[in-house]
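S.K.: File follows, data_18.csv with CSV, C-alpha atoms:
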chain,number,residue,atom,x,y,z
A,1,MET,CA,-152.1,89.2,158.7
A,2,GLN,CA,-151.5,86.9,155.8
A,3,ILE,CA,-148.2,84.9,155.3
A,4,ASN,CA,-147.2,83.6,151.9
A,5,ILE,CA,-144.1,81.4,151.9
A,6,SER,CA,-142.4,80.4,148.6
A,7,PRO,CA,-139.3,78.1,148.2
A,8,THR,CA,-137.1,80.8,146.6
A,9,LYS,CA,-136.7,84.5,146.0
A,10,LEU,CA,-137.6,84.1,142.4
A,11,GLU,CA,-140.8,82.3,143.4
A,12,VAL,CA,-141.6,85.1,145.9
A,13,ALA,CA,-141.2,87.5,142.9
A,14,GLN,CA,-143.6,85.4,140.8
A,15,ILE,CA,-146.3,85.2,143.5
A,16,PHE,CA,-146.1,88.8,144.3
A,17,SER,CA,-146.1,89.8,140.6
A,18,GLU,CA,-149.3,87.8,140.1
A,19,TYR,CA,-150.8,89.5,143.2
A,20,LEU,CA,-149.8,93.0,142.0
A,21,GLU,CA,-151.2,92.4,138.5
A,22,GLU,CA,-154.6,91.4,139.9
A,23,GLN,CA,-154.6,94.6,142.1
A,24,ILE,CA,-153.8,96.8,139.1
A,25,LYS,CA,-156.5,95.1,137.0
A,26,SER,CA,-159.1,95.5,139.7
A,27,ASN,CA,-158.6,99.2,140.3
A,28,LYS,CA,-159.4,102.2,138.1
A,29,THR,CA,-156.2,103.8,139.4
A,30,THR,CA,-153.5,102.2,141.6
A,31,HIS,CA,-151.1,104.3,143.7
A,32,ILE,CA,-148.1,102.2,144.7
A,33,ALA,CA,-145.2,103.0,147.0
A,34,LEU,CA,-142.1,101.1,145.9
A,35,SER,CA,-139.3,99.8,147.9
A,36,GLY,CA,-135.6,99.4,147.0
A,37,GLY,CA,-133.6,96.2,147.7
A,38,SER,CA,-132.8,93.0,146.0
A,39,THR,CA,-136.2,91.3,146.2
A,40,PRO,CA,-138.1,94.2,144.5
A,41,LYS,CA,-135.4,94.2,141.8
A,42,VAL,CA,-136.3,90.6,141.0
A,43,VAL,CA,-140.0,91.5,141.0
A,44,PHE,CA,-139.4,94.4,138.6
A,45,ASP,CA,-137.4,92.1,136.2
A,46,TYR,CA,-140.2,89.5,136.4
A,47,MET,CA,-143.0,91.9,135.8
A,48,ALA,CA,-141.2,93.7,132.9
A,49,GLU,CA,-140.7,90.3,131.2
A,50,TYR,CA,-143.9,88.4,131.9
A,51,TYR,CA,-146.6,91.1,132.4
A,52,LYS,CA,-146.4,93.1,129.3
A,53,ASP,CA,-150.2,93.5,129.1
A,54,VAL,CA,-150.5,95.4,132.3
A,55,ASP,CA,-152.1,98.8,131.7
A,56,TRP,CA,-149.5,101.0,133.3
A,57,SER,CA,-151.3,104.1,132.4
A,58,THR,CA,-153.6,103.4,135.4
A,59,VAL,CA,-150.7,103.1,137.8
A,60,HIS,CA,-148.9,105.9,139.7
A,61,LEU,CA,-145.6,105.0,141.3
A,62,TYR,CA,-144.0,106.6,144.3
A,63,TRP,CA,-141.1,105.7,146.6
A,64,GLY,CA,-141.5,104.8,150.3
A,65,ASP,CA,-137.9,105.9,150.8
A,66,GLU,CA,-134.9,107.1,148.9
A,67,ARG,CA,-131.3,107.7,149.5
A,68,CYS,CA,-130.2,111.4,149.3
A,69,VAL,CA,-128.1,110.9,146.1
A,70,PRO,CA,-128.7,112.0,142.5
A,71,PRO,CA,-130.9,109.8,140.3
A,72,THR,CA,-127.9,108.7,138.4
A,73,ASP,CA,-126.1,107.3,141.5
A,74,SER,CA,-125.8,103.5,141.8
A,75,GLU,CA,-127.4,103.7,145.3
A,76,SER,CA,-130.5,105.4,144.0
A,77,ASN,CA,-133.7,103.4,144.4
A,78,TYR,CA,-135.1,105.4,141.5
A,79,LYS,CA,-132.2,104.4,139.2
A,80,MET,CA,-132.7,100.7,140.1
A,81,THR,CA,-136.4,101.0,139.3
A,82,VAL,CA,-135.6,102.7,135.9
A,83,GLU,CA,-133.1,100.0,135.0
A,84,HIS,CA,-135.2,97.0,136.0
A,85,LEU,CA,-138.8,98.2,135.3
A,86,LEU,CA,-139.4,101.7,134.0
A,87,SER,CA,-137.2,101.5,131.0
A,88,LYS,CA,-139.0,98.3,129.9
A,89,ILE,CA,-142.7,99.3,130.3
A,90,ASN,CA,-144.9,101.9,128.8
A,91,ILE,CA,-145.9,104.2,131.7
A,92,PRO,CA,-146.7,107.9,131.4
A,93,LYS,CA,-143.9,110.1,132.7
A,94,ASP,CA,-146.4,112.0,134.8
A,95,ASN,CA,-147.3,108.8,136.6
A,96,VAL,CA,-143.8,108.4,138.1
A,97,HIS,CA,-143.3,110.5,141.2
A,98,ARG,CA,-139.6,110.3,142.2
A,99,VAL,CA,-138.0,111.6,145.3
A,100,HIS,CA,-135.4,114.3,144.4
A,101,GLY,CA,-132.6,112.7,146.3
A,102,GLU,CA,-130.1,115.3,144.9
A,103,ASP,CA,-131.8,118.2,146.7
A,104,LEU,CA,-131.4,119.5,150.2
A,105,PRO,CA,-132.9,116.7,152.4
A,106,GLU,CA,-135.1,118.8,154.7
A,107,LEU,CA,-136.6,120.7,151.8
A,108,GLU,CA,-137.1,117.6,149.8
A,109,ALA,CA,-138.9,115.8,152.6
A,110,GLU,CA,-141.3,118.8,152.8
A,111,ARG,CA,-141.7,118.9,149.0
A,112,TYR,CA,-142.3,115.2,148.6
A,113,GLY,CA,-144.8,115.2,151.4
A,114,LYS,CA,-146.7,117.8,149.5
A,115,VAL,CA,-146.6,115.7,146.4
A,116,LEU,CA,-148.1,112.8,148.2
A,117,GLU,CA,-150.7,115.0,149.8
A,118,GLY,CA,-151.6,116.4,146.4
A,119,GLU,CA,-151.6,113.2,144.3
A,120,LEU,CA,-153.1,110.6,146.7
A,121,PRO,CA,-156.7,110.3,147.9
A,122,ILE,CA,-157.1,111.7,151.4
A,123,VAL,CA,-158.6,109.2,153.8
A,124,ASN,CA,-158.7,109.7,157.6
A,125,ASN,CA,-157.1,113.1,156.8
A,126,ILE,CA,-154.0,111.2,155.6
A,127,PRO,CA,-152.8,110.4,152.1
A,128,GLN,CA,-153.7,106.8,151.2
A,129,PHE,CA,-151.7,104.5,149.0
A,130,ASP,CA,-153.4,101.4,147.5
A,131,ILE,CA,-150.3,99.4,148.1
A,132,VAL,CA,-147.1,100.1,150.1
A,133,ILE,CA,-144.3,97.6,149.3
A,134,LEU,CA,-141.9,97.3,152.1
A,135,GLY,CA,-138.6,95.4,152.7
A,136,MET,CA,-137.0,94.7,156.1
A,137,GLY,CA,-133.4,95.0,157.0
A,138,ASP,CA,-131.4,92.6,159.2
A,139,ASP,CA,-131.8,95.2,162.0
A,140,GLY,CA,-135.6,95.2,161.7
A,141,HIS,CA,-135.8,98.6,159.9
A,142,THR,CA,-138.4,99.2,157.2
A,143,ALA,CA,-138.7,102.0,154.7
A,144,SER,CA,-135.8,104.2,156.0
A,145,ILE,CA,-136.9,104.2,159.6
A,146,PHE,CA,-134.2,102.5,161.7
A,147,PRO,CA,-134.3,101.3,165.3
A,148,HIS,CA,-132.2,104.2,166.6
A,149,GLU,CA,-134.7,106.7,165.1
A,150,ILE,CA,-137.9,104.7,165.7
A,151,ASP,CA,-139.6,107.9,166.9
A,152,LEU,CA,-139.8,109.0,163.3
A,153,TRP,CA,-142.5,106.4,162.9
A,154,ASP,CA,-144.9,108.6,164.9
A,155,SER,CA,-144.0,111.8,163.2
A,156,LYS,CA,-146.9,114.1,162.3
A,157,ASN,CA,-145.1,114.8,159.0
A,158,THR,CA,-145.8,112.9,155.8
A,159,CYS,CA,-142.1,112.5,155.1
A,160,GLU,CA,-139.0,112.8,157.3
A,161,VAL,CA,-135.2,112.8,156.9
A,162,ALA,CA,-133.6,109.7,158.3
A,163,VAL,CA,-129.9,108.9,158.9
A,164,HIS,CA,-128.4,105.4,158.3
A,165,PRO,CA,-126.9,104.3,161.7
A,166,ASP,CA,-123.6,103.1,160.2
A,167,SER,CA,-122.9,105.1,157.1
A,168,GLY,CA,-124.5,108.3,158.2
A,169,GLN,CA,-126.2,108.6,154.8
A,170,ARG,CA,-129.3,110.7,154.8
A,171,ARG,CA,-132.5,109.4,153.4
A,172,ILE,CA,-136.1,110.6,152.7
A,173,THR,CA,-138.7,108.3,154.1
A,174,ILE,CA,-142.5,108.2,154.4
A,175,THR,CA,-143.7,107.9,158.0
A,176,GLY,CA,-145.8,105.4,159.9
A,177,LYS,CA,-149.1,107.2,159.5
A,178,LEU,CA,-148.9,106.8,155.7
A,179,ILE,CA,-147.8,103.2,155.9
A,180,ASN,CA,-150.6,102.2,158.3
A,181,ASN,CA,-153.2,104.2,156.4
A,182,ALA,CA,-152.5,102.2,153.2
A,183,LYS,CA,-155.2,99.9,151.8
A,184,THR,CA,-152.6,97.1,151.7
A,185,VAL,CA,-149.1,96.7,153.0
A,186,ALA,CA,-146.9,94.0,151.5
A,187,PHE,CA,-143.6,92.9,153.0
A,188,LEU,CA,-141.1,91.3,150.6
A,189,VAL,CA,-138.5,89.6,152.8
A,190,THR,CA,-136.0,86.9,151.6
A,191,GLY,CA,-132.8,85.4,152.9
A,192,ASN,CA,-131.7,83.6,156.1
A,193,SER,CA,-130.3,86.7,157.6
A,194,LYS,CA,-133.8,88.0,158.1
A,195,ALA,CA,-135.2,84.8,159.7
A,196,GLU,CA,-134.6,85.8,163.4
A,197,LYS,CA,-136.3,89.3,163.0
A,198,VAL,CA,-139.2,87.7,161.0
A,199,ARG,CA,-139.8,85.3,163.8
A,200,THR,CA,-139.5,88.0,166.5
A,201,ILE,CA,-141.9,90.4,164.7
A,202,ILE,CA,-144.5,87.9,163.5
A,203,THR,CA,-144.7,86.0,166.7
A,204,LYS,CA,-144.5,89.3,168.8
A,205,GLU,CA,-141.7,88.1,171.0
A,206,GLU,CA,-140.6,90.3,173.9
A,207,GLY,CA,-138.8,93.3,172.5
A,208,HIS,CA,-140.4,93.1,169.1
A,209,ASP,CA,-141.7,96.7,169.3
A,210,SER,CA,-138.1,98.0,169.3
A,211,TYR,CA,-138.0,97.2,165.5
A,212,PRO,CA,-139.8,99.6,163.2
A,213,ALA,CA,-141.1,96.7,161.0
A,214,SER,CA,-143.1,95.5,164.0
A,215,LEU,CA,-145.1,98.8,164.0
A,216,VAL,CA,-146.6,98.0,160.6
A,217,MET,CA,-150.2,97.5,161.4
A,218,PRO,CA,-152.4,98.9,158.6
A,219,THR,CA,-155.8,100.1,159.9
A,220,SER,CA,-157.4,98.2,157.0
A,221,GLY,CA,-156.1,95.0,158.5
A,222,ASP,CA,-154.6,94.0,155.1
A,223,LEU,CA,-151.0,93.1,155.9
A,224,ILE,CA,-149.3,90.5,153.7
A,225,TRP,CA,-145.9,88.9,154.2
A,226,PHE,CA,-144.3,87.4,151.1
A,227,LEU,CA,-141.4,85.3,152.4
A,228,ASP,CA,-139.0,82.7,151.0
A,229,GLU,CA,-138.3,79.6,152.9
A,230,GLU,CA,-135.1,80.9,154.3
A,231,ALA,CA,-136.7,84.1,155.8
A,232,ALA,CA,-139.6,82.0,157.1
A,233,ALA,CA,-137.4,79.2,158.5
A,234,GLN,CA,-137.9,80.1,162.2
A,235,ILE,CA,-141.7,80.5,162.0
A,236,ASN,CA,-142.5,77.1,160.5
Go ahead and render the structure in this file as structure tokens.

M.R.:
Amino acid sequence: MQINISPTKLEVAQIFSEYLEEQIKSNKTTHIALSGGSTPKVVFDYMAEYYKDVDWSTVHLYWGDERCVPPTDSESNYKMTVEHLLSKINIPKDNVHRVHGEDLPELEAERYGKVLEGELPIVNNIPQFDIVILGMGDDGHTASIFPHEIDLWDSKNTCEVAVHPDSGQRRITITGKLINNAKTVAFLVTGNSKAEKVRTIITKEEGHDSYPASLVMPTSGDLIWFLDEEAAAQIN
């Protein structure tokens, strides 16, 4: 596990953008699972502005999770990515593999699982991303696997339908086998509301394994936490 701590959210975005650019340059093709949330939004803005020489034709983009809403909905992770990145870069349309959040969730989980199985290299009999970008909620959830549905992590399926514990909103999420089969997993976590869970998970305090984010243990061993000082306050 590597831990990178930056003073602010913007500096987290800068450091991660530099890292991502190097990964893209070093690979013939790079398959990336994107995350929603406020920190990736800043990353997308930063990359769109400062990394105009990235050869996006070598990059394939996917989503680690998506809300079951149309792509025009304000809650759509895809829409956020379009607004902050895709509309500002030159990436082939066929390289963008969105979740059809507007479709019947159970059928879409099955369809998107087949997309991943068809597009990604198969390693250990599991589709393999080069990079999975994850956030973490205040409750310790990651992707869209929440503590009350932590069993979804161990699903044999590539994708599952998850339910938000408060709103009841349904979401499509990749499962633990894909996350832990990735070459690299990168957590982007910022803000003081995350500090307690960051400490619990990174230091493996008692009860840490009740949080889905604690189950992120890529078999490659390449797990990187990109934190701001607020999120890292309790591990310093």

S.K.: Report, in Å with one decimal, the straight-line distance from CA of Glu196 in chain A to CA of Ile15 in chain A.

M.R.: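 Separation of CA of Glu196 in chain A and CA of Ile15 in chain A: 23.1 Å.
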
S.K.: Which residues are close to Gly113 in chain A, i.e. within 12 Å by only C-alpha atoms, leaving aside same-chain residues fewer than 2 positions away? Reply as a PDB file with C-alpha atoms, in the coordinates of the input.

M.R.:
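Saved the output as part.pdb:
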ATOM      1  CA  TYR A  62    -144.000 106.600 144.300  1.00  0.00           C
ATOM      2  CA  TRP A  63    -141.100 105.700 146.600  1.00  0.00           C
ATOM      3  CA  GLY A  64    -141.500 104.800 150.300  1.00  0.00           C
ATOM      4  CA  ASP A  65    -137.900 105.900 150.800  1.00  0.00           C
ATOM      5  CA  HIS A  97    -143.300 110.500 141.200  1.00  0.00           C
ATOM      6  CA  ARG A  98    -139.600 110.300 142.200  1.00  0.00           C
ATOM      7  CA  VAL A  99    -138.000 111.600 145.300  1.00  0.00           C
ATOM      8  CA  HIS A 100    -135.400 114.300 144.400  1.00  0.00           C
ATOM      9  CA  GLU A 106    -135.100 118.800 154.700  1.00  0.00           C
ATOM     10  CA  LEU A 107    -136.600 120.700 151.800  1.00  0.00           C
ATOM     11  CA  GLU A 108    -137.100 117.600 149.800  1.00  0.00           C
ATOM     12  CA  ALA A 109    -138.900 115.800 152.600  1.00  0.00           C
ATOM     13  CA  GLU A 110    -141.300 118.800 152.800  1.00  0.00           C
ATOM     14  CA  ARG A 111    -141.700 118.900 149.000  1.00  0.00           C
ATOM     15  CA  VAL A 115    -146.600 115.700 146.400  1.00  0.00           C
ATOM     16  CA  LEU A 116    -148.100 112.800 148.200  1.00  0.00           C
ATOM     17  CA  GLU A 117    -150.700 115.000 149.800  1.00  0.00           C
ATOM     18  CA  GLY A 118    -151.600 116.400 146.400  1.00  0.00           C
ATOM     19  CA  GLU A 119    -151.600 113.200 144.300  1.00  0.00           C
ATOM     20  CA  LEU A 120    -153.100 110.600 146.700  1.00  0.00           C
ATOM     21  CA  ILE A 126    -154.000 111.200 155.600  1.00  0.00           C
ATOM     22  CA  PRO A 127    -152.800 110.400 152.100  1.00  0.00           C
ATOM     23  CA  LYS A 156    -146.900 114.100 162.300  1.00  0.00           C
ATOM     24  CA  ASN A 157    -145.100 114.800 159.000  1.00  0.00           C
ATOM     25  CA  THR A 158    -145.800 112.900 155.800  1.00  0.00           C
ATOM     26  CA  CYS A 159    -142.100 112.500 155.100  1.00  0.00           C
ATOM     27  CA  GLU A 160    -139.000 112.800 157.300  1.00  0.00           C
ATOM     28  CA  VAL A 161    -135.200 112.800 156.900  1.00  0.00           C
ATOM     29  CA  ILE A 172    -136.100 110.600 152.700  1.00  0.00           C
ATOM     30  CA  THR A 173    -138.700 108.300 154.100  1.00  0.00           C
ATOM     31  CA  ILE A 174    -142.500 108.200 154.400  1.00  0.00           C
ATOM     32  CA  THR A 175    -143.700 107.900 158.000  1.00  0.00           C
ATOM     33  CA  LEU A 178    -148.900 106.800 155.700  1.00  0.00           C
TER      34      LEU A 178
END

S.K.: Could you tell me which of A:Ile145, A:Ala33, A:Val216, A:Ala13 comes closest to Ala48 in chain A if we count only C-alpha atoms?

M.R.: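 Using only C-alpha atoms, the shortest distance to Ala48 in chain A belongs to A:Ala13.
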
S.K.: Looking at only C-alpha atoms, which of A:Pro7, A:Gly36, A:Pro71, A:Gly101 is the one that sits closest to Arg171 in chain A?

M.R.: A:Gly101

S.K.: Check the smallest atom-to-atom distance from each of A:Lys197, A:Ser87, A:Asn125, A:Thr72 to Glu49 in chain A using only C-alpha atoms, then report the winner.

M.R.: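 The answer is A:Ser87, which sits nearest to Glu49 in chain A.
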
S.K.: Quick one, how far is CA of Leu223 in chain A from CA of Glu206 in chain A?

M.R.: 21.0 Å

S.K.: Hey, which of A:Ser214, A:Thr142, A:Thr190, A:Asn124 ends up closest to Thr8 in chain A? Count all atoms listed in the file.

M.R.: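 Looking only at the distances to Thr8 in chain A, the closest residue turns out to be A:Thr190.
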
S.K.: Quick one: of A:Ile91, A:Ala143, A:Val54, A:Ile24, who's nearest to Asn77 in chain A, counting all atoms listed in the file?

M.R.: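 Looking at the shortest contact to Asn77 in chain A, the residue is A:Ala143.
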
S.K.: Using all atoms listed in the file, which of the listed residues (A:Phe129, A:Thr203, A:Ser210, A:Leu34) sits closest to His148 in chain A?

M.R.: A:Ser210
